[in-house]
Amino acid sequence: MQNLNILIVEDCTIQRLYASRLLHQLQVSAISYAANGEQALKQARLQRFDVMLVDLEMGVMDGVELLRHIARAGLCHNIIIASSKDPLLLTSVATMAEADGLRVLGTIAKPVNIDLLALCLLRIQQRWRDQSPAQAATKVVSADMLEAALATNQLYLMYQPIVATADRSLMAAEVLARWQHPQLGFISPDIFIEAAERYNLIDALTLVVLRQALQQRQQWAEQGADIRLAVNISPLSLPNPDFMQQLLQLLRQYGATSTDIIWEVTESANLTDLAASIHSMASLRLQGFDIAIDDYGTGFANAQQLSRIPATRLKIDRSLVDKISERPQQKLILENTVQLGRRLGLILVAEGVETEQDFAVLAAMGIELLQGYLFAKPMTAADFSQWLPHNQHV
Ligand code: G
Ligand code: G
Ligand code: MN
């Protein structure tokens, strides 16, 4: 974090000093200040900042207006929003900023916590869902292409084991969609999932994926293997009661019950219709399903937002897990995340485990479930069937 150039936008002197002390502790050396939105704009026109730490309430041009200006003029890409306002307001401002094309590294309730601040800054280096290449590629994927893909079975599924840390036995398989386009070839899920969300085709896609996965599950069952499936659901689908009904209808059709499926929902401020989303999740919980908060560490949910989601598992994103044994600072953040998960009563899952060294660190932290290339890569159904007899202790 040493070579980051950060602008603190904050009208209260004490808060400003406090924030800069934390940034010093995180070894950020280039720190500038602005006392309100107008000053911030002036400064940003004079020099390039890697990150702006923006307070929402300020006398002369507040944070909301400032973010609009920054986005429009392309003055800075990475934003951290700090405020003592209601976390829900923070979330909606963050959603607005992202819709304007800014990258929100995090929202922090004041007083700013140093670990959260560190986490936000680390995200600059991490894989990001809405990177511009992915966005550019979405333009190539049209709604017609996607509809055709769904209608003509161009999607196929891969299965990746999730194992128990204790004995590396198979606990579930995550279902991962792949798209082989007849002309364009392989299209990455990061691209087509985002495209599906944009074109309002994500519900249809999820149902196609689920049907295929349930058919496969039935085949495995006939061969004597009872495989629990972890299925991804877009947060955009949750508020739709018709979609939720269709999910359950499909399960009934294929004789699957609530203990056969884990739903993975990406951590997101895009739980736009929060009440309806929580309603859907609570209803799934009441029916006995497990719900995992997926990709934790890439979005900007804070502890309070997290505690509102009726989940049973916290799935820690691979950007926090990768090479953990070599990254002491990252380890502190991971330990914090583990503590948070424990306090919320969640089962912890780490994804992206690639080495025995990392395995040892994660096991010592008490993370119950693991997923990663160390155990197995995502496999076709046929490869998964081959892999099973050697590894299954279910
Ligand atoms: O397998 P890979 O890491 O390339 O997948 C990239 C991302 O695409 C994963 O993080 C996963 O969440 C997402 N993804 C894969 N399949 C599905 C799916 O069926 N539905 C949704 N919503 N996301 C999926
Ligand atoms: O939906 P989710 O983000 O949980 O999907 C997990 C994705 O991470 C899968 O698409 C899979 O391809 C990828 N993945 C799983 N294990 C590893 C790993 O050990 N290393 C890397 N680089 N990627 C992984
Ligand atoms: Mn997932």
# chains A, B, ... in the order shown; residues from 1 in each chain; ligands from 1
>>> residues_around(residues="stretch 108-125 of chain A", least_positions_apart="2", cutoff="6 Å", atoms="only C-alpha atoms", output="PyMOL selection string")
chain A and resi 82-84+105-106
>>> write_last_selection(atoms="N, CA, C and O atoms", output="PDB file, in the first residue's frame")
ATOM      1  N   ALA A  82     -17.111   6.883   3.673  1.00  0.00           N
ATOM      2  CA  ALA A  82     -17.173   6.794   5.134  1.00  0.00           C
ATOM      3  C   ALA A  82     -18.268   7.724   5.620  1.00  0.00           C
ATOM      4  O   ALA A  82     -18.410   8.829   5.115  1.00  0.00           O
ATOM      5  N   SER A  83     -19.046   7.256   6.578  1.00  0.00           N
ATOM      6  CA  SER A  83     -20.089   8.121   7.097  1.00  0.00           C
ATOM      7  C   SER A  83     -20.625   7.574   8.401  1.00  0.00           C
ATOM      8  O   SER A  83     -20.510   6.381   8.679  1.00  0.00           O
ATOM      9  N   SER A  84     -21.209   8.450   9.189  1.00  0.00           N
ATOM     10  CA  SER A  84     -21.871   7.965  10.397  1.00  0.00           C
ATOM     11  C   SER A  84     -23.363   7.806  10.150  1.00  0.00           C
ATOM     12  O   SER A  84     -24.132   7.519  11.043  1.00  0.00           O
ATOM     13  N   LEU A 105     -14.596   0.665  -3.236  1.00  0.00           N
ATOM     14  CA  LEU A 105     -13.776  -0.334  -2.541  1.00  0.00           C
ATOM     15  C   LEU A 105     -14.423  -0.752  -1.233  1.00  0.00           C
ATOM     16  O   LEU A 105     -14.140  -1.826  -0.717  1.00  0.00           O
ATOM     17  N   GLY A 106     -15.260   0.119  -0.698  1.00  0.00           N
ATOM     18  CA  GLY A 106     -15.925  -0.233   0.544  1.00  0.00           C
ATOM     19  C   GLY A 106     -16.710   0.919   1.110  1.00  0.00           C
ATOM     20  O   GLY A 106     -16.519   2.071   0.716  1.00  0.00           O
TER      21      GLY A 106
END
>>> residues_around(residues="A:Ser385", least_positions_apart="5", cutoff="12 Å", atoms="only C-alpha atoms", output="MDAnalysis selection string")
chainID A and resid 158:161 173 216:217 219:221 223:227 379:380 390:392
>>> select_by_dssp(residues="stretch 55-277 of chain A", states="helix (DSSP H, G or I)", output="NGL selection string")
:A and (63-73 or 87-99 or 114-125 or 132-138 or 143-151 or 189-198 or 202-222 or 241-253 or 258-260 or 274-277)
>>> residues_near_ligand(ligand="ligand 1", cutoff="6 Å", atoms="only C-alpha atoms and all ligand atoms", output="list in words")
Leu176, Ala177, Pro189, Asp190, Ile193, Thr206, Val209, Asn232, Ile233 and Ser234 of chain A
>>> residues_near_ligand(ligand="ligand 2", cutoff="7 Å", atoms="only C-alpha atoms and all ligand atoms", output="PDB file with N, CA and C atoms, in the first residue's frame")
ATOM      1  N   LEU A 176     -20.761 -24.986 -11.687  1.00  0.00           N
ATOM      2  CA  LEU A 176     -20.215 -23.807 -12.366  1.00  0.00           C
ATOM      3  C   LEU A 176     -20.555 -23.850 -13.851  1.00  0.00           C
ATOM      4  N   ASN A 232     -25.166 -21.445  -7.619  1.00  0.00           N
ATOM      5  CA  ASN A 232     -25.087 -19.984  -7.546  1.00  0.00           C
ATOM      6  C   ASN A 232     -26.408 -19.335  -7.942  1.00  0.00           C
ATOM      7  N   ASP A 294     -21.507 -15.652  -0.945  1.00  0.00           N
ATOM      8  CA  ASP A 294     -20.410 -16.029  -1.844  1.00  0.00           C
ATOM      9  C   ASP A 294     -19.457 -14.857  -2.079  1.00  0.00           C
ATOM     10  N   ASP A 295     -18.246 -15.166  -2.476  1.00  0.00           N
ATOM     11  CA  ASP A 295     -17.254 -14.146  -2.868  1.00  0.00           C
ATOM     12  C   ASP A 295     -17.050 -13.105  -1.778  1.00  0.00           C
ATOM     13  N   ASP A 317     -13.766 -15.189  -0.470  1.00  0.00           N
ATOM     14  CA  ASP A 317     -13.288 -15.125  -1.849  1.00  0.00           C
ATOM     15  C   ASP A 317     -11.828 -15.516  -1.959  1.00  0.00           C
ATOM     16  N   ARG A 318     -11.472 -16.069  -3.081  1.00  0.00           N
ATOM     17  CA  ARG A 318     -10.112 -16.574  -3.245  1.00  0.00           C
ATOM     18  C   ARG A 318      -9.062 -15.467  -3.224  1.00  0.00           C
ATOM     19  N   GLU A 351     -12.352 -20.487  -0.483  1.00  0.00           N
ATOM     20  CA  GLU A 351     -12.175 -20.975  -1.850  1.00  0.00           C
ATOM     21  C   GLU A 351     -10.831 -20.518  -2.404  1.00  0.00           C
ATOM     22  N   GLY A 352     -10.338 -21.227  -3.414  1.00  0.00           N
ATOM     23  CA  GLY A 352      -9.057 -20.852  -4.015  1.00  0.00           C
ATOM     24  C   GLY A 352      -7.855 -21.407  -3.271  1.00  0.00           C
ATOM     25  N   VAL A 353      -8.036 -22.536  -2.586  1.00  0.00           N
ATOM     26  CA  VAL A 353      -6.909 -23.150  -1.867  1.00  0.00           C
ATOM     27  C   VAL A 353      -6.045 -23.907  -2.872  1.00  0.00           C
ATOM     28  N   GLU A 354      -4.811 -23.477  -3.024  1.00  0.00           N
ATOM     29  CA  GLU A 354      -3.973 -24.070  -4.072  1.00  0.00           C
ATOM     30  C   GLU A 354      -2.776 -24.850  -3.548  1.00  0.00           C
ATOM     31  N   GLN A 371     -12.258 -25.278  -0.717  1.00  0.00           N
ATOM     32  CA  GLN A 371     -12.468 -25.545  -2.140  1.00  0.00           C
ATOM     33  C   GLN A 371     -11.260 -24.983  -2.860  1.00  0.00           C
ATOM     34  N   GLY A 372     -10.743 -25.705  -3.819  1.00  0.00           N
ATOM     35  CA  GLY A 372      -9.601 -25.162  -4.549  1.00  0.00           C
ATOM     36  C   GLY A 372      -8.858 -26.223  -5.337  1.00  0.00           C
ATOM     37  N   TYR A 373      -7.942 -25.744  -6.171  1.00  0.00           N
ATOM     38  CA  TYR A 373      -7.209 -26.637  -7.062  1.00  0.00           C
ATOM     39  C   TYR A 373      -6.416 -27.688  -6.295  1.00  0.00           C
ATOM     40  N   LEU A 374      -6.042 -27.400  -5.033  1.00  0.00           N
ATOM     41  CA  LEU A 374      -5.307 -28.382  -4.235  1.00  0.00           C
ATOM     42  C   LEU A 374      -6.085 -29.696  -4.150  1.00  0.00           C
ATOM     43  N   LYS A 377      -9.828 -29.368  -9.445  1.00  0.00           N
ATOM     44  CA  LYS A 377     -10.314 -28.260 -10.260  1.00  0.00           C
ATOM     45  C   LYS A 377     -11.782 -28.527 -10.608  1.00  0.00           C
ATOM     46  N   PRO A 378     -12.479 -27.515 -11.114  1.00  0.00           N
ATOM     47  CA  PRO A 378     -13.819 -27.810 -11.631  1.00  0.00           C
ATOM     48  C   PRO A 378     -13.709 -28.884 -12.718  1.00  0.00           C
TER      49      PRO A 378
END
>>> atom_distance(atom1="atom CA of A:Thr165", atom2="atom CA of A:Arg228")
16.7 Å
>>> residues_around(residues="A:Ile347", least_positions_apart="4", cutoff="9 Å", atoms="only C-alpha atoms", output="list in words")
Ala292, Thr312, Arg313, Leu314, Lys315, Gly341, Arg342, Ile367, Glu368 and Leu369 of chain A
>>> select_by_dssp(residues="stretch 23-94 of chain A", states="strand (DSSP E or B)", output="VMD selection string")
chain A and resid 30 to 34 51 to 55 78 to 83
>>> closest_residue(among="A:Phe375, A:Ile316, A:Gly101, A:Ile6", to="A:Val349", atoms="only C-alpha atoms")
A:Ile316
>>> residues_around(residues="A:Val361", least_positions_apart="4", cutoff="10 Å", atoms="only C-alpha atoms", output="PDB file with all heavy atoms, in the first residue's frame")
ATOM      1  N   VAL A 321      -7.763 -15.509   0.086  1.00  0.00           N
ATOM      2  CA  VAL A 321      -7.236 -16.806   0.518  1.00  0.00           C
ATOM      3  C   VAL A 321      -5.902 -17.116  -0.155  1.00  0.00           C
ATOM      4  O   VAL A 321      -4.987 -17.676   0.451  1.00  0.00           O
ATOM      5  CB  VAL A 321      -8.264 -17.914   0.170  1.00  0.00           C
ATOM      6  CG1 VAL A 321      -7.697 -19.296   0.423  1.00  0.00           C
ATOM      7  CG2 VAL A 321      -9.554 -17.701   0.965  1.00  0.00           C
ATOM      8  N   LYS A 323      -2.404 -17.627  -1.556  1.00  0.00           N
ATOM      9  CA  LYS A 323      -1.044 -17.415  -1.011  1.00  0.00           C
ATOM     10  C   LYS A 323      -1.057 -16.856   0.414  1.00  0.00           C
ATOM     11  O   LYS A 323      -0.198 -16.074   0.800  1.00  0.00           O
ATOM     12  CB  LYS A 323      -0.244 -16.478  -1.918  1.00  0.00           C
ATOM     13  CG  LYS A 323      -0.097 -16.998  -3.337  1.00  0.00           C
ATOM     14  CD  LYS A 323       1.041 -16.308  -4.073  1.00  0.00           C
ATOM     15  CE  LYS A 323       1.161 -16.833  -5.492  1.00  0.00           C
ATOM     16  NZ  LYS A 323      -0.063 -16.610  -6.292  1.00  0.00           N
ATOM     17  N   ILE A 324      -2.020 -17.277   1.201  1.00  0.00           N
ATOM     18  CA  ILE A 324      -2.183 -16.737   2.539  1.00  0.00           C
ATOM     19  C   ILE A 324      -0.946 -16.992   3.397  1.00  0.00           C
ATOM     20  O   ILE A 324      -0.580 -16.169   4.243  1.00  0.00           O
ATOM     21  CB  ILE A 324      -3.473 -17.309   3.203  1.00  0.00           C
ATOM     22  CG1 ILE A 324      -3.818 -16.534   4.456  1.00  0.00           C
ATOM     23  CG2 ILE A 324      -3.369 -18.785   3.514  1.00  0.00           C
ATOM     24  CD1 ILE A 324      -4.269 -15.136   4.204  1.00  0.00           C
ATOM     25  N   SER A 325      -0.283 -18.110   3.154  1.00  0.00           N
ATOM     26  CA  SER A 325       0.872 -18.442   3.994  1.00  0.00           C
ATOM     27  C   SER A 325       2.047 -17.486   3.756  1.00  0.00           C
ATOM     28  O   SER A 325       2.950 -17.399   4.569  1.00  0.00           O
ATOM     29  CB  SER A 325       1.307 -19.890   3.735  1.00  0.00           C
ATOM     30  OG  SER A 325       1.654 -20.043   2.380  1.00  0.00           O
ATOM     31  N   LYS A 331      -3.236 -12.180   6.199  1.00  0.00           N
ATOM     32  CA  LYS A 331      -3.644 -13.158   7.221  1.00  0.00           C
ATOM     33  C   LYS A 331      -4.428 -12.469   8.346  1.00  0.00           C
ATOM     34  O   LYS A 331      -5.415 -13.006   8.840  1.00  0.00           O
ATOM     35  CB  LYS A 331      -2.410 -13.867   7.781  1.00  0.00           C
ATOM     36  CG  LYS A 331      -2.758 -15.117   8.529  1.00  0.00           C
ATOM     37  CD  LYS A 331      -1.540 -15.976   8.834  1.00  0.00           C
ATOM     38  CE  LYS A 331      -1.872 -16.946   9.955  1.00  0.00           C
ATOM     39  NZ  LYS A 331      -0.905 -16.947  11.031  1.00  0.00           N
ATOM     40  N   GLU A 356      -0.450 -26.784  -0.101  1.00  0.00           N
ATOM     41  CA  GLU A 356      -0.479 -27.404   1.230  1.00  0.00           C
ATOM     42  C   GLU A 356      -0.168 -26.374   2.314  1.00  0.00           C
ATOM     43  O   GLU A 356      -0.716 -26.427   3.408  1.00  0.00           O
ATOM     44  CB  GLU A 356       0.542 -28.560   1.310  1.00  0.00           C
ATOM     45  CG  GLU A 356       0.157 -29.785   0.497  1.00  0.00           C
ATOM     46  CD  GLU A 356      -1.053 -30.544   1.053  1.00  0.00           C
ATOM     47  OE1 GLU A 356      -1.452 -30.276   2.199  1.00  0.00           O
ATOM     48  OE2 GLU A 356      -1.626 -31.381   0.311  1.00  0.00           O
ATOM     49  N   GLN A 357       0.731 -25.435   2.017  1.00  0.00           N
ATOM     50  CA  GLN A 357       1.081 -24.386   2.991  1.00  0.00           C
ATOM     51  C   GLN A 357      -0.156 -23.562   3.344  1.00  0.00           C
ATOM     52  O   GLN A 357      -0.406 -23.286   4.521  1.00  0.00           O
ATOM     53  CB  GLN A 357       2.163 -23.438   2.424  1.00  0.00           C
ATOM     54  CG  GLN A 357       3.550 -24.036   2.324  1.00  0.00           C
ATOM     55  CD  GLN A 357       3.736 -24.856   1.033  1.00  0.00           C
ATOM     56  OE1 GLN A 357       2.768 -25.190   0.329  1.00  0.00           O
ATOM     57  NE2 GLN A 357       4.958 -25.193   0.719  1.00  0.00           N
ATOM     58  N   MET A 365      -6.731 -21.954  11.359  1.00  0.00           N
ATOM     59  CA  MET A 365      -7.731 -20.931  11.685  1.00  0.00           C
ATOM     60  C   MET A 365      -9.088 -21.543  11.999  1.00  0.00           C
ATOM     61  O   MET A 365     -10.004 -20.847  12.430  1.00  0.00           O
ATOM     62  CB  MET A 365      -7.910 -19.976  10.501  1.00  0.00           C
ATOM     63  CG  MET A 365      -6.819 -18.957  10.367  1.00  0.00           C
ATOM     64  SD  MET A 365      -7.245 -17.853   9.006  1.00  0.00           S
ATOM     65  CE  MET A 365      -5.702 -16.980   8.849  1.00  0.00           C
ATOM     66  N   GLY A 366      -9.237 -22.810  11.706  1.00  0.00           N
ATOM     67  CA  GLY A 366     -10.498 -23.481  12.008  1.00  0.00           C
ATOM     68  C   GLY A 366     -11.569 -23.312  10.949  1.00  0.00           C
ATOM     69  O   GLY A 366     -12.754 -23.513  11.213  1.00  0.00           O
ATOM     70  N   ILE A 367     -11.175 -22.935   9.737  1.00  0.00           N
ATOM     71  CA  ILE A 367     -12.151 -22.828   8.639  1.00  0.00           C
ATOM     72  C   ILE A 367     -12.612 -24.242   8.279  1.00  0.00           C
ATOM     73  O   ILE A 367     -11.797 -25.107   8.006  1.00  0.00           O
ATOM     74  CB  ILE A 367     -11.506 -22.109   7.434  1.00  0.00           C
ATOM     75  CG1 ILE A 367     -11.171 -20.682   7.849  1.00  0.00           C
ATOM     76  CG2 ILE A 367     -12.413 -22.157   6.218  1.00  0.00           C
ATOM     77  CD1 ILE A 367     -10.408 -19.888   6.823  1.00  0.00           C
TER      78      ILE A 367
END
>>> residues_around(residues="A:Ala97", least_positions_apart="3", cutoff="10 Å", atoms="only C-alpha atoms", output="tab-separated table (two decimals) with C-alpha atoms, in the first residue's frame")
chain	number	residue	atom	x	y	z
A	64	VAL	CA	-23.16	12.40	-2.97
A	67	LEU	CA	-19.19	11.42	-6.35
A	68	ARG	CA	-21.42	12.41	-9.26
A	70	ILE	CA	-15.95	12.70	-10.02
A	71	ALA	CA	-17.68	10.02	-12.05
A	79	ILE	CA	-13.71	5.33	-3.84
A	81	ILE	CA	-17.26	6.01	1.42
A	91	THR	CA	-25.16	1.14	0.62
A	92	SER	CA	-27.48	3.01	-1.67
A	93	VAL	CA	-24.94	5.77	-2.22
A	94	ALA	CA	-22.39	3.05	-3.05
A	100	ASP	CA	-22.03	5.83	-12.39
A	101	GLY	CA	-18.96	3.74	-13.18
A	102	LEU	CA	-16.93	4.30	-10.03
A	103	ARG	CA	-15.35	1.41	-8.19
A	104	VAL	CA	-16.46	1.41	-4.58
>>> closest_residue(among="A:Ile202, A:Ala360, A:Val9, A:Leu306", to="A:Pro87", atoms="only C-alpha atoms")
A:Leu306
>>> atom_distance(atom1="atom CA of A:Asn78", atom2="atom CA of A:Val51")
4.8 Å
>>> closest_residue(among="A:Val54, A:Leu236, A:Leu89, A:Ile262", to="ligand 3", atoms="only C-alpha atoms and all ligand atoms")
A:Ile262
>>> closest_residue(among="A:Arg198, A:His24, A:His69, A:Arg211", to="A:Gly255", atoms="only C-alpha atoms")
A:Arg211
>>> atom_distance(atom1="atom CA of A:Arg178", atom2="atom CA of A:Asp358")
27.7 Å
>>> closest_residue(among="A:Tyr254, A:Tyr199, A:Tyr296, A:Phe192", to="ligand 3", atoms="only C-alpha atoms and all ligand atoms")
A:Tyr296
>>> closest_residue(among="A:Ala230, A:Leu26, A:Ala303, A:Ala44", to="ligand 3", atoms="only C-alpha atoms and all ligand atoms")
A:Ala230
